[in-house]
Each structure stands twice: as C-alpha cells, then as structure tokens.
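**Student:** Please read through the structure below; I'll follow up with questions.
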Amino acid sequence: MQALKNKLFALADCNNFYASCERVFNPKLEGKPVVVLSNNDGCVIARSNEAKVVGVKMGQPAFQMADIIEKNNVYVFSTNFVLYGDMSNRVMNTLAQFTPDIEIYSIDEAFLDFTGFDTEHITDYAKGIQSTVKQWTGIPVSIGIAETKTLAKVANHIAKKNPEFDGVLSLYNNHMTDSLLGRLPVDDVWGVGKQYGKFLMDKGIKTALHLKNADEKWILKHMHVPGQRTVMELRGTSCIRIESIIPDRKGICTARSFGKPMSNYEDIEQAVATFAAKCSEKLRRQHSITKTLTVFIMTNRFADTPQYVNGKTIQLPVATNHANEIIHHALSGLRLLFRKGYLYKKAGVILSDFVQEDQQQFTLWDNIDREKYAKLMKSLDCINTANGDEVVKFAIQGTQKRWKMKQERLSPCYTTRWKDLLTIDVNKK
C-alpha cells in the first residue's frame, strides 16, 4: 500500500443541508425546528438541530410524528431535489475558489487538498472559507482538517458535534488528537460502518483510538485491505488521494414510488417511459452507452392487497444512450410484466453493462440512423438544460403525471424557475 507524503486535507460538510436550503429563502425558519421528508412525504431524511431536540428521529415515518409536529410547531417540507442540487452546485463552486484540487464527495460534502498551504494559519483559512460559503450561499458548513482524509472526516464530525470548535477543527499536529479519537465511537469512523462496527465492538475495539492502536495484521485478516488502510489513516499515514475526476457510474437507476396506487397500464407506461428517458440523459452526461436494461414493477408490500413483484432484463441488440431506443426497450419489458388486477406502488428502470460511446459496435442488421438520433439527443439535452427539465420530451411520457410523487409540502424552486423567484414588496410595512 503506497503512502502519500506530506499531505493535508480538509472536509467541508454542509450542516443539516436540506433543512438549511429551506432556511436560506425563508428566514423565519431560523431557530425553528425544520424537517424534510423522503419521496411521497414518507419518512424524515433531514432535520435541523432544533428538530432533533424536540425528539424527531431520522427515518421516522411522518404519520408517527404528527403529535410532535403539532406540539412543537415543526415546519415540514417535501424533498425539493431541484433546489438542493442547485444550492449544492453553488456551495461547491464557492469551495473551489480556495484550492485547485477538490473532490465532491456527496451533495453536501467535499474534500479539499490543502497540501503545501501555510499550516500555521490553516484554521484561520478554514474559518475564512466557512464565512465565505455562508455569505455567498447562506449555507452553514463545518470544516475538519488533518493529514489524511479519514482524520479530516473525524475532525469534521467532532467540529460539527461540539459547539466549542465553532464548526472548524484542525487535527494537524494537534496534541488533543488521541483524546478526541478516544471519544469517537468506532462505528462513526469513515469506512467502518455498522456491520464492522458491531464486530469491532464485540472484540473490545469500541473507539476510534482503539482502532488506531489495533494490531495491523489482525485488522488485515478480519477487515482486509480497506480496514488496514483505515488504521493507517488514523495513524496519520495518508493512503487515499483526492479524486478530482468523478468516476463514471457503472449502473444507473431511476425508480419512484407513485403518489397513489396505480392500476391503469397507460399511467404506469408513462412513468416507465419517463424513468427510461431520465436514465438515458444521465448516461449521455458521462458519454457512455448501455448494453443491458432492466425494468421492474411492484405492489405495496405493506398494504393488505394482492401482491406482485416482477422484473425483466433485456439485452439490447446495439448498445445505445438514445432515449427513444431505451424507452422502446423499457416499454417492451413492461408489456411482458404488467398484470391486471393489481395496485402498483413503484416502478423503475436500471441500466448496466456500460461502454464508452466511442466504442460502440454495430450489427449487420442495424438499420437505425444513429447519426440523426445522436443530433436529436444533443438538441434535446441543450434545450432542457437551458430551459428546464422536460421542456421537450417524448409524447409517450404524457402530460398528466397521475403517477407522480406526493409532495404536499413542496417549497418553490427559488433558484431555477423564473416563476418561483422571490419578490419583495417595498411598499409593504
């Protein structure tokens, strides 16, 4: 395992990101309990610190917390991924102003490479980043700094949980590092997870400090190379580099639960066509083509109704990323799957077995004008990118969307939709 020498990393993580996005455009939410629900307003997937205090639990079904919401005046929102995605881009673009190397790790996290920076004033530099992100985007962030990405994750976790650090903590040459690691449960260490965490705790390795001091050969035997790498990183030896280029996905899935049970084939057909079009768009973004497509439908396994779950995998005659072809094959699979008499709750399309689009292989019997369709897809993507999602789409995708998710508490798309722009009445007192 090759070590990276003299490295310094920071992890910038947005605080309660989805809830923070809602607060940016609605200042009255500041200091109030806020929660964001999953698809179809099902379960809690984000909560402000105030919501945590009043007892809202992550993953809790919305119907189970009705009393908590009413008693504590909790503000509840449906997921608005259009808003959250755009706000994420703004945060990441701001962070990119401070270092030439940045790895976007998730929608609300990014690793920054601080190698070669002035370490004496690195905490002040991080506080400047924190202040700028807040000023430019309205989103609060916490920043952890250390010689390895794993320790930077640890520093961020501690900075976020402990108010005395004011959201910024550097573990670089910090004499308190071991003391802080001794307070961190082992399953909170990046790369450990719940399954290994339970295993380690059963063996007496209960904290990050215990893991750091564990026998390396024993770790290699039971947790293999990733576990050994985690131990080395906790010891200050950098093994994980910044991934400036996001690797292409090896599989793409678009699936949704319907806002209400659906029994009509035409409604489900429109949904599957839309999912297939979404998948093809994602595929074109990474300049890949797919050889294999899977479509599935299912009923609600929690409902007291007849149950049915099925899927169909189709090998495409020629690998493609053209929406018209992928929609065609997805619907041919759906026709084989659909059964009357069931109330369907969810459907989805999965693409796999990718190759680069410049490595496409044709067959002797392929009579599709692929050059023409490639131009069509390029035009489609340009129009939708400039004017909004699904401004132009295939007729089979429909217009009614009776299958769409339930989003009764959806906030406006303040930053991406003209009609949702905030307006201010200067004459109103």
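To be explicit about the labels: the chains of the structure tokens are called A, B, and onward in the order shown, and within each one the residues are counted from 1, while ligands get numbers from 1 in the order they are shown.
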Can you pull out every residue within 10 Å of stretch 218-226 of chain A, counting only C-alpha atoms, but drop anything in the same chain fewer than 2 positions away, and send it as a list in words?

**Tutor:** Met1, Gly191, Val192, Tyr196, Phe199, Leu200, Leu211, Ala214, Asp215, Glu216, Gln228, Arg229, Thr230, Val231 and Met232 of chain A

**Student:** Any chance you could export the current selection's C-alpha atoms as a PDB file, in the first residue's frame?

**Tutor:**
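See again24.pdb below for the written result:
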ATOM      1  CA  MET A   1       0.000   0.000   0.000  1.00  0.00           C
ATOM      2  CA  GLY A 191     -15.004   3.335   6.231  1.00  0.00           C
ATOM      3  CA  VAL A 192     -16.103   1.216   9.212  1.00  0.00           C
ATOM      4  CA  TYR A 196     -17.855  -3.876  11.034  1.00  0.00           C
ATOM      5  CA  PHE A 199     -17.885  -6.752  15.017  1.00  0.00           C
ATOM      6  CA  LEU A 200     -15.134  -4.488  16.352  1.00  0.00           C
ATOM      7  CA  LEU A 211      -8.930   1.077  16.199  1.00  0.00           C
ATOM      8  CA  ALA A 214      -5.228  -2.185  16.971  1.00  0.00           C
ATOM      9  CA  ASP A 215      -2.889  -4.884  15.673  1.00  0.00           C
ATOM     10  CA  GLU A 216      -2.478  -4.207  11.963  1.00  0.00           C
ATOM     11  CA  GLN A 228      -5.816  -1.751   7.120  1.00  0.00           C
ATOM     12  CA  ARG A 229      -5.991   1.469   5.133  1.00  0.00           C
ATOM     13  CA  THR A 230      -8.370   2.997   7.693  1.00  0.00           C
ATOM     14  CA  VAL A 231      -5.986   2.131  10.545  1.00  0.00           C
ATOM     15  CA  MET A 232      -3.031   3.664   8.701  1.00  0.00           C
TER      16      MET A 232
END

**Student:** Need the shell around stretch 151-160 of chain A: protein/DNA/RNA residues with any atom at most 6 Å away, counting only C-alpha atoms. Skip same-chain ones fewer than 3 positions apart. Format as a list in words?

**Tutor:**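 The residues that qualify are Ala10, Leu11, Ser142, Ile143, Gly144, Ile145, Ala146, Thr148, Phe165, Gly167, Val168, Leu169 and Leu234 of chain A.
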
**Student:** Would you mind exporting the chosen residues as a PDB file, in the first residue's frame, restricted to C-alpha atoms?

**Tutor:**
ATOM      1  CA  ALA A  10      -9.981  19.374   4.664  1.00  0.00           C
ATOM      2  CA  LEU A  11     -13.529  18.080   4.607  1.00  0.00           C
ATOM      3  CA  SER A 142     -18.310  22.662   9.199  1.00  0.00           C
ATOM      4  CA  ILE A 143     -14.682  22.007   8.241  1.00  0.00           C
ATOM      5  CA  GLY A 144     -12.290  19.343   9.530  1.00  0.00           C
ATOM      6  CA  ILE A 145      -8.566  19.427   8.708  1.00  0.00           C
ATOM      7  CA  ALA A 146      -5.947  16.685   9.044  1.00  0.00           C
ATOM      8  CA  THR A 148      -5.428  12.151   5.990  1.00  0.00           C
ATOM      9  CA  PHE A 165     -14.947  24.423  17.965  1.00  0.00           C
ATOM     10  CA  GLY A 167     -17.548  24.464  13.185  1.00  0.00           C
ATOM     11  CA  VAL A 168     -13.797  24.285  12.410  1.00  0.00           C
ATOM     12  CA  LEU A 169     -11.252  21.836  13.829  1.00  0.00           C
ATOM     13  CA  LEU A 234      -5.988   7.104  11.686  1.00  0.00           C
TER      14      LEU A 234
END

**Student:** I'd like the interatomic distance between atom CA of A:Val189 and atom CA of A:Ile240, to a tenth of an Å.

**Tutor:**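 Pair atom CA of A:Val189 / atom CA of A:Ile240 returns 14.7 Å.
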
**Student:** Tell me, as an mmCIF file with N, CA and C atoms, in the first residue's frame, which residues lie within 10 Å of A:Ile139, counting only C-alpha atoms; anything in the same chain fewer than 3 positions away does not count.

**Tutor:**
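Result saved to out.cif:
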data_model
loop_
_atom_site.group_PDB
_atom_site.id
_atom_site.type_symbol
_atom_site.label_atom_id
_atom_site.label_comp_id
_atom_site.auth_asym_id
_atom_site.auth_seq_id
_atom_site.Cartn_x
_atom_site.Cartn_y
_atom_site.Cartn_z
ATOM 1 N N CYS A 14 -21.782 20.523 4.680
ATOM 2 C CA CYS A 14 -22.891 21.439 4.959
ATOM 3 C C CYS A 14 -23.704 20.932 6.150
ATOM 4 N N ASN A 15 -24.068 21.831 7.046
ATOM 5 C CA ASN A 15 -24.812 21.456 8.247
ATOM 6 C C ASN A 15 -26.298 21.285 7.925
ATOM 7 N N ASN A 16 -26.832 20.090 8.219
ATOM 8 C CA ASN A 16 -28.271 19.843 8.016
ATOM 9 C C ASN A 16 -28.716 20.384 6.658
ATOM 10 N N PHE A 17 -28.067 19.915 5.593
ATOM 11 C CA PHE A 17 -28.085 20.595 4.305
ATOM 12 C C PHE A 17 -29.486 20.882 3.779
ATOM 13 N N TYR A 18 -30.352 19.867 3.703
ATOM 14 C CA TYR A 18 -31.680 20.094 3.128
ATOM 15 C C TYR A 18 -32.463 21.121 3.936
ATOM 16 N N ALA A 19 -32.393 21.005 5.264
ATOM 17 C CA ALA A 19 -33.084 21.971 6.115
ATOM 18 C C ALA A 19 -32.483 23.367 5.945
ATOM 19 N N SER A 20 -31.161 23.440 5.792
ATOM 20 C CA SER A 20 -30.501 24.732 5.604
ATOM 21 C C SER A 20 -30.920 25.382 4.289
ATOM 22 N N CYS A 21 -31.091 24.564 3.238
ATOM 23 C CA CYS A 21 -31.553 25.102 1.952
ATOM 24 C C CYS A 21 -32.926 25.747 2.089
ATOM 25 N N GLU A 22 -33.808 25.126 2.855
ATOM 26 C CA GLU A 22 -35.138 25.690 3.054
ATOM 27 C C GLU A 22 -35.060 27.005 3.825
ATOM 28 N N ARG A 23 -34.101 27.127 4.729
ATOM 29 C CA ARG A 23 -33.983 28.329 5.551
ATOM 30 C C ARG A 23 -33.435 29.517 4.764
ATOM 31 N N VAL A 24 -32.606 29.250 3.760
ATOM 32 C CA VAL A 24 -31.975 30.343 3.021
ATOM 33 C C VAL A 24 -33.016 31.317 2.479
ATOM 34 N N MET A 87 -28.357 24.434 -5.068
ATOM 35 C CA MET A 87 -27.643 25.014 -3.935
ATOM 36 C C MET A 87 -26.322 24.282 -3.695
ATOM 37 N N SER A 88 -26.306 22.981 -3.909
ATOM 38 C CA SER A 88 -25.068 22.210 -3.786
ATOM 39 C C SER A 88 -24.029 22.703 -4.783
ATOM 40 N N ARG A 90 -23.747 25.634 -6.022
ATOM 41 C CA ARG A 90 -23.272 26.943 -5.578
ATOM 42 C C ARG A 90 -22.241 26.805 -4.460
ATOM 43 N N VAL A 91 -22.505 25.888 -3.538
ATOM 44 C CA VAL A 91 -21.550 25.662 -2.448
ATOM 45 C C VAL A 91 -20.235 25.116 -3.007
ATOM 46 N N GLN A 130 -15.411 29.056 5.594
ATOM 47 C CA GLN A 130 -16.709 28.897 6.246
ATOM 48 C C GLN A 130 -17.530 30.176 6.143
ATOM 49 N N SER A 131 -16.898 31.300 6.411
ATOM 50 C CA SER A 131 -17.583 32.592 6.370
ATOM 51 C C SER A 131 -18.015 32.942 4.949
ATOM 52 N N THR A 132 -17.151 32.664 3.967
ATOM 53 C CA THR A 132 -17.473 32.995 2.576
ATOM 54 C C THR A 132 -18.632 32.160 2.058
ATOM 55 N N VAL A 133 -18.618 30.859 2.355
ATOM 56 C CA VAL A 133 -19.715 29.986 1.918
ATOM 57 C C VAL A 133 -21.038 30.470 2.507
ATOM 58 N N LYS A 134 -21.021 30.843 3.776
ATOM 59 C CA LYS A 134 -22.238 31.340 4.428
ATOM 60 C C LYS A 134 -22.705 32.641 3.774
ATOM 61 N N GLN A 135 -21.766 33.539 3.468
ATOM 62 C CA GLN A 135 -22.123 34.833 2.889
ATOM 63 C C GLN A 135 -22.629 34.687 1.453
ATOM 64 N N TRP A 136 -21.982 33.835 0.665
ATOM 65 C CA TRP A 136 -22.317 33.711 -0.748
ATOM 66 C C TRP A 136 -23.527 32.827 -1.005
#

**Student:** Counting only C-alpha atoms, which residues of stretch 339-404 of chain A fall within 6 Å of stretch 248-253 of chain A, and what is the closest atom pair for each with its distance in Å at one decimal, ordered by chain and rising number, as CSV?

**Tutor:**
residue,atom,partner,partner_atom,distance
A:Val349,CA,A:Cys253,CA,5.7
A:Ile350,CA,A:Cys253,CA,4.3
A:Leu351,CA,A:Ile252,CA,5.1
A:Ser352,CA,A:Gly251,CA,4.7

**Student:** Those residues you just picked out, can you put them in a file as a PDB file, in the first residue's frame with N, CA and C atoms?

**Tutor:**
ATOM      1  N   VAL A 349     -36.419   1.736 -13.814  1.00  0.00           N
ATOM      2  CA  VAL A 349     -35.592   1.304 -14.935  1.00  0.00           C
ATOM      3  C   VAL A 349     -34.132   1.330 -14.480  1.00  0.00           C
ATOM      4  N   ILE A 350     -33.401   0.268 -14.777  1.00  0.00           N
ATOM      5  CA  ILE A 350     -31.991   0.160 -14.413  1.00  0.00           C
ATOM      6  C   ILE A 350     -31.178  -0.098 -15.682  1.00  0.00           C
ATOM      7  N   LEU A 351     -30.129   0.690 -15.882  1.00  0.00           N
ATOM      8  CA  LEU A 351     -29.201   0.481 -16.992  1.00  0.00           C
ATOM      9  C   LEU A 351     -27.878  -0.048 -16.438  1.00  0.00           C
ATOM     10  N   SER A 352     -27.251  -0.967 -17.167  1.00  0.00           N
ATOM     11  CA  SER A 352     -25.984  -1.536 -16.718  1.00  0.00           C
ATOM     12  C   SER A 352     -25.167  -1.982 -17.927  1.00  0.00           C
TER      13      SER A 352
END

**Student:** Nearest to A:Leu83 among A:Lys278, A:Ile107, A:Gln97, A:Ala347, with distances taken over only C-alpha atoms: which residue is it?

**Tutor:** A:Ile107

**Student:** Return as a tab-separated table the residues of stretch 198-299 of chain A lying at most 9 Å from stretch 400-405 of chain A, together with the closest atom-to-atom pair for each and the distance in Å to one decimal, counting only C-alpha atoms, with rows in chain order and ascending residue number.

**Tutor:**
residue	atom	partner	partner_atom	distance
A:Arg256	CA	A:Met405	CA	7.5
A:Ser257	CA	A:Met405	CA	6.6
A:Phe258	CA	A:Trp403	CA	5.0
A:Gly259	CA	A:Met405	CA	4.1
A:Lys260	CA	A:Trp403	CA	6.8
A:Pro261	CA	A:Trp403	CA	8.1
A:Met262	CA	A:Trp403	CA	7.0
A:Asp267	CA	A:Trp403	CA	6.4
A:Ile268	CA	A:Trp403	CA	7.1
A:Gln270	CA	A:Lys401	CA	7.5
A:Ala271	CA	A:Trp403	CA	6.7

**Student:** Give me every helix (DSSP H, G or I) residue in stretch 27-198 of chain A, going by DSSP on the backbone, as a VMD selection string.

**Tutor:** chain A and resid 27 to 29 39 to 41 49 to 53 62 to 72 81 to 95 119 to 137 149 to 161 163 to 165 177 to 181 186 to 188 193 to 198

**Student:** Given the selection you just returned, output its residues as a file containing C-alpha atoms, formatted as an mmCIF file, in the first residue's frame.

**Tutor:**
data_model
loop_
_atom_site.group_PDB
_atom_site.id
_atom_site.type_symbol
_atom_site.label_atom_id
_atom_site.label_comp_id
_atom_site.auth_asym_id
_atom_site.auth_seq_id
_atom_site.Cartn_x
_atom_site.Cartn_y
_atom_site.Cartn_z
ATOM 1 C CA PRO A 27 -35.598 33.436 7.228
ATOM 2 C CA LYS A 28 -38.477 32.919 9.657
ATOM 3 C CA LEU A 29 -37.331 29.277 9.898
ATOM 4 C CA ASN A 39 -40.266 10.695 -1.548
ATOM 5 C CA ASN A 40 -44.049 10.720 -1.231
ATOM 6 C CA ASP A 41 -43.689 12.541 2.095
ATOM 7 C CA ASN A 49 -30.782 20.751 15.319
ATOM 8 C CA GLU A 50 -33.971 22.177 16.819
ATOM 9 C CA ALA A 51 -35.970 19.258 15.380
ATOM 10 C CA LYS A 52 -33.531 16.814 16.954
ATOM 11 C CA VAL A 53 -34.018 18.483 20.347
ATOM 12 C CA ALA A 62 -44.237 11.254 9.037
ATOM 13 C CA PHE A 63 -47.547 9.878 10.336
ATOM 14 C CA GLN A 64 -45.859 8.709 13.540
ATOM 15 C CA MET A 65 -44.684 12.186 14.493
ATOM 16 C CA ALA A 66 -47.927 14.114 13.965
ATOM 17 C CA ASP A 67 -48.161 14.914 17.690
ATOM 18 C CA ILE A 68 -44.546 16.139 17.845
ATOM 19 C CA ILE A 69 -45.110 18.361 14.810
ATOM 20 C CA GLU A 70 -48.240 19.951 16.239
ATOM 21 C CA LYS A 71 -46.947 20.331 19.789
ATOM 22 C CA ASN A 72 -43.601 21.886 18.787
ATOM 23 C CA PHE A 81 -34.068 17.986 -5.110
ATOM 24 C CA VAL A 82 -34.078 20.644 -7.829
ATOM 25 C CA LEU A 83 -33.438 23.323 -5.210
ATOM 26 C CA TYR A 84 -30.990 21.203 -3.191
ATOM 27 C CA GLY A 85 -28.996 20.240 -6.282
ATOM 28 C CA ASP A 86 -28.614 23.837 -7.419
ATOM 29 C CA MET A 87 -27.643 25.014 -3.935
ATOM 30 C CA SER A 88 -25.068 22.210 -3.786
ATOM 31 C CA ASN A 89 -23.532 23.437 -7.050
ATOM 32 C CA ARG A 90 -23.272 26.943 -5.578
ATOM 33 C CA VAL A 91 -21.550 25.662 -2.448
ATOM 34 C CA MET A 92 -19.098 23.507 -4.438
ATOM 35 C CA ASN A 93 -18.259 26.354 -6.809
ATOM 36 C CA THR A 94 -17.558 28.566 -3.808
ATOM 37 C CA LEU A 95 -15.282 25.954 -2.206
ATOM 38 C CA THR A 119 -0.191 25.142 8.215
ATOM 39 C CA GLU A 120 0.402 27.743 10.927
ATOM 40 C CA HIS A 121 -2.695 29.690 9.894
ATOM 41 C CA ILE A 122 -4.716 26.826 8.371
ATOM 42 C CA THR A 123 -7.554 27.103 10.938
ATOM 43 C CA ASP A 124 -7.991 30.814 10.155
ATOM 44 C CA TYR A 125 -8.006 29.977 6.441
ATOM 45 C CA ALA A 126 -10.751 27.389 7.008
ATOM 46 C CA LYS A 127 -12.779 29.907 9.001
ATOM 47 C CA GLY A 128 -12.490 32.274 6.053
ATOM 48 C CA ILE A 129 -13.901 29.543 3.792
ATOM 49 C CA GLN A 130 -16.709 28.897 6.246
ATOM 50 C CA SER A 131 -17.583 32.592 6.370
ATOM 51 C CA THR A 132 -17.473 32.995 2.576
ATOM 52 C CA VAL A 133 -19.715 29.986 1.918
ATOM 53 C CA LYS A 134 -22.238 31.340 4.428
ATOM 54 C CA GLN A 135 -22.123 34.833 2.889
ATOM 55 C CA TRP A 136 -22.317 33.711 -0.748
ATOM 56 C CA THR A 137 -24.835 30.870 -0.423
ATOM 57 C CA LYS A 149 -8.941 12.087 4.570
ATOM 58 C CA THR A 150 -10.098 9.730 7.335
ATOM 59 C CA LEU A 151 -8.808 12.041 10.070
ATOM 60 C CA ALA A 152 -10.323 15.032 8.239
ATOM 61 C CA LYS A 153 -13.667 13.207 8.411
ATOM 62 C CA VAL A 154 -13.124 12.650 12.134
ATOM 63 C CA ALA A 155 -12.229 16.318 12.649
ATOM 64 C CA ASN A 156 -15.335 17.426 10.771
ATOM 65 C CA HIS A 157 -17.564 15.101 12.800
ATOM 66 C CA ILE A 158 -16.164 16.478 16.066
ATOM 67 C CA ALA A 159 -16.335 20.108 14.890
ATOM 68 C CA LYS A 160 -19.978 19.694 13.966
ATOM 69 C CA LYS A 161 -20.994 17.974 17.215
ATOM 70 C CA PRO A 163 -20.026 23.957 19.752
ATOM 71 C CA GLU A 164 -16.689 24.927 21.337
ATOM 72 C CA PHE A 165 -14.947 24.423 17.965
ATOM 73 C CA THR A 177 -5.997 14.113 18.661
ATOM 74 C CA ASP A 178 -5.799 10.885 20.673
ATOM 75 C CA SER A 179 -8.092 12.277 23.351
ATOM 76 C CA LEU A 180 -10.675 13.207 20.711
ATOM 77 C CA LEU A 181 -10.350 9.825 18.980
ATOM 78 C CA VAL A 186 -15.668 3.176 16.259
ATOM 79 C CA ASP A 187 -18.738 2.847 14.020
ATOM 80 C CA ASP A 188 -18.596 6.610 13.391
ATOM 81 C CA GLY A 193 -19.899 1.204 9.072
ATOM 82 C CA LYS A 194 -22.458 -0.573 11.227
ATOM 83 C CA GLN A 195 -21.585 -4.184 10.391
ATOM 84 C CA TYR A 196 -17.855 -3.876 11.034
ATOM 85 C CA GLY A 197 -18.597 -1.501 13.912
ATOM 86 C CA LYS A 198 -20.602 -4.177 15.716
#

**Student:** Quick one: residues within 7 Å of A:Tyr75, only C-alpha atoms counted, chain neighbours fewer than 6 positions away excluded, as a PyMOL selection string?

**Tutor:** chain A and resi 33-35

**Student:** Would you save the residues from that selection as a PDB file, in the first residue's frame, using N, CA and C atoms?

**Tutor:**
ATOM      1  N   PRO A  33     -37.647  24.396  14.544  1.00  0.00           N
ATOM      2  CA  PRO A  33     -37.461  23.009  14.114  1.00  0.00           C
ATOM      3  C   PRO A  33     -37.950  22.797  12.679  1.00  0.00           C
ATOM      4  N   VAL A  34     -37.084  22.225  11.836  1.00  0.00           N
ATOM      5  CA  VAL A  34     -37.391  22.004  10.426  1.00  0.00           C
ATOM      6  C   VAL A  34     -37.053  20.559  10.067  1.00  0.00           C
ATOM      7  N   VAL A  35     -37.948  19.891   9.344  1.00  0.00           N
ATOM      8  CA  VAL A  35     -37.668  18.539   8.846  1.00  0.00           C
ATOM      9  C   VAL A  35     -38.008  18.466   7.362  1.00  0.00           C
TER      10      VAL A  35
END

**Student:** For atom CA of A:Phe9 and atom CA of A:Glu233, quote the distance in Å rounded to one decimal.

**Tutor:**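 Those two atoms sit 11.8 Å apart.
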
**Student:** Excluding stretch 364-377 of chain A and its own-chain neighbours fewer than 6 positions away, which residues fall within 9 Å of it when counting only C-alpha atoms? Please give them as a list in words.

**Tutor:**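 Close residues of stretch 364-377 of chain A: Glu281, Arg284, Pro317, Val318, Asn321, His322, Ala323 and Asn324 of chain A.
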
**Student:** Smallest atom-to-atom distance to A:Asp381: which of A:Lys282, A:Gln360, A:Val272, A:Phe296, using only C-alpha atoms?

**Tutor:**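 The shortest atom-to-atom distance to A:Asp381 comes from A:Lys282.
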
**Student:** Using only C-alpha atoms, which protein or nucleic acid residues come within 12 Å of A:Leu421? Drop anything in the same chain fewer than 4 positions from it, and give the result as a short mmCIF file (atom, residue, chain, number, x, y, z; two decimals) with N, CA and C atoms, in the first residue's frame.

**Tutor:**
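What ended up in out.cif:
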data_model
loop_
_atom_site.label_atom_id
_atom_site.label_comp_id
_atom_site.auth_asym_id
_atom_site.auth_seq_id
_atom_site.Cartn_x
_atom_site.Cartn_y
_atom_site.Cartn_z
N PHE A 25 -34.12 30.79 1.97
CA PHE A 25 -35.13 31.62 1.33
C PHE A 25 -36.35 31.87 2.21
N LEU A 83 -34.01 22.25 -6.02
CA LEU A 83 -33.44 23.32 -5.21
C LEU A 83 -32.14 22.86 -4.55
N SER A 411 -41.58 23.21 -1.36
CA SER A 411 -41.22 24.63 -1.43
C SER A 411 -40.93 25.01 -2.88
N PRO A 412 -40.93 26.31 -3.20
CA PRO A 412 -40.64 26.74 -4.57
C PRO A 412 -39.20 26.43 -4.97
N CYS A 413 -38.96 26.34 -6.28
CA CYS A 413 -37.60 26.19 -6.81
C CYS A 413 -37.02 27.59 -7.02
N TYR A 414 -36.62 28.21 -5.92
CA TYR A 414 -36.27 29.62 -5.91
C TYR A 414 -35.18 30.00 -6.92
N THR A 415 -34.25 29.09 -7.18
CA THR A 415 -33.06 29.45 -7.96
C THR A 415 -33.08 28.95 -9.39
N THR A 416 -34.06 28.16 -9.77
CA THR A 416 -34.02 27.54 -11.10
C THR A 416 -35.30 27.73 -11.91
N ARG A 417 -36.28 28.40 -11.36
CA ARG A 417 -37.55 28.56 -12.06
C ARG A 417 -37.99 30.03 -11.94
#
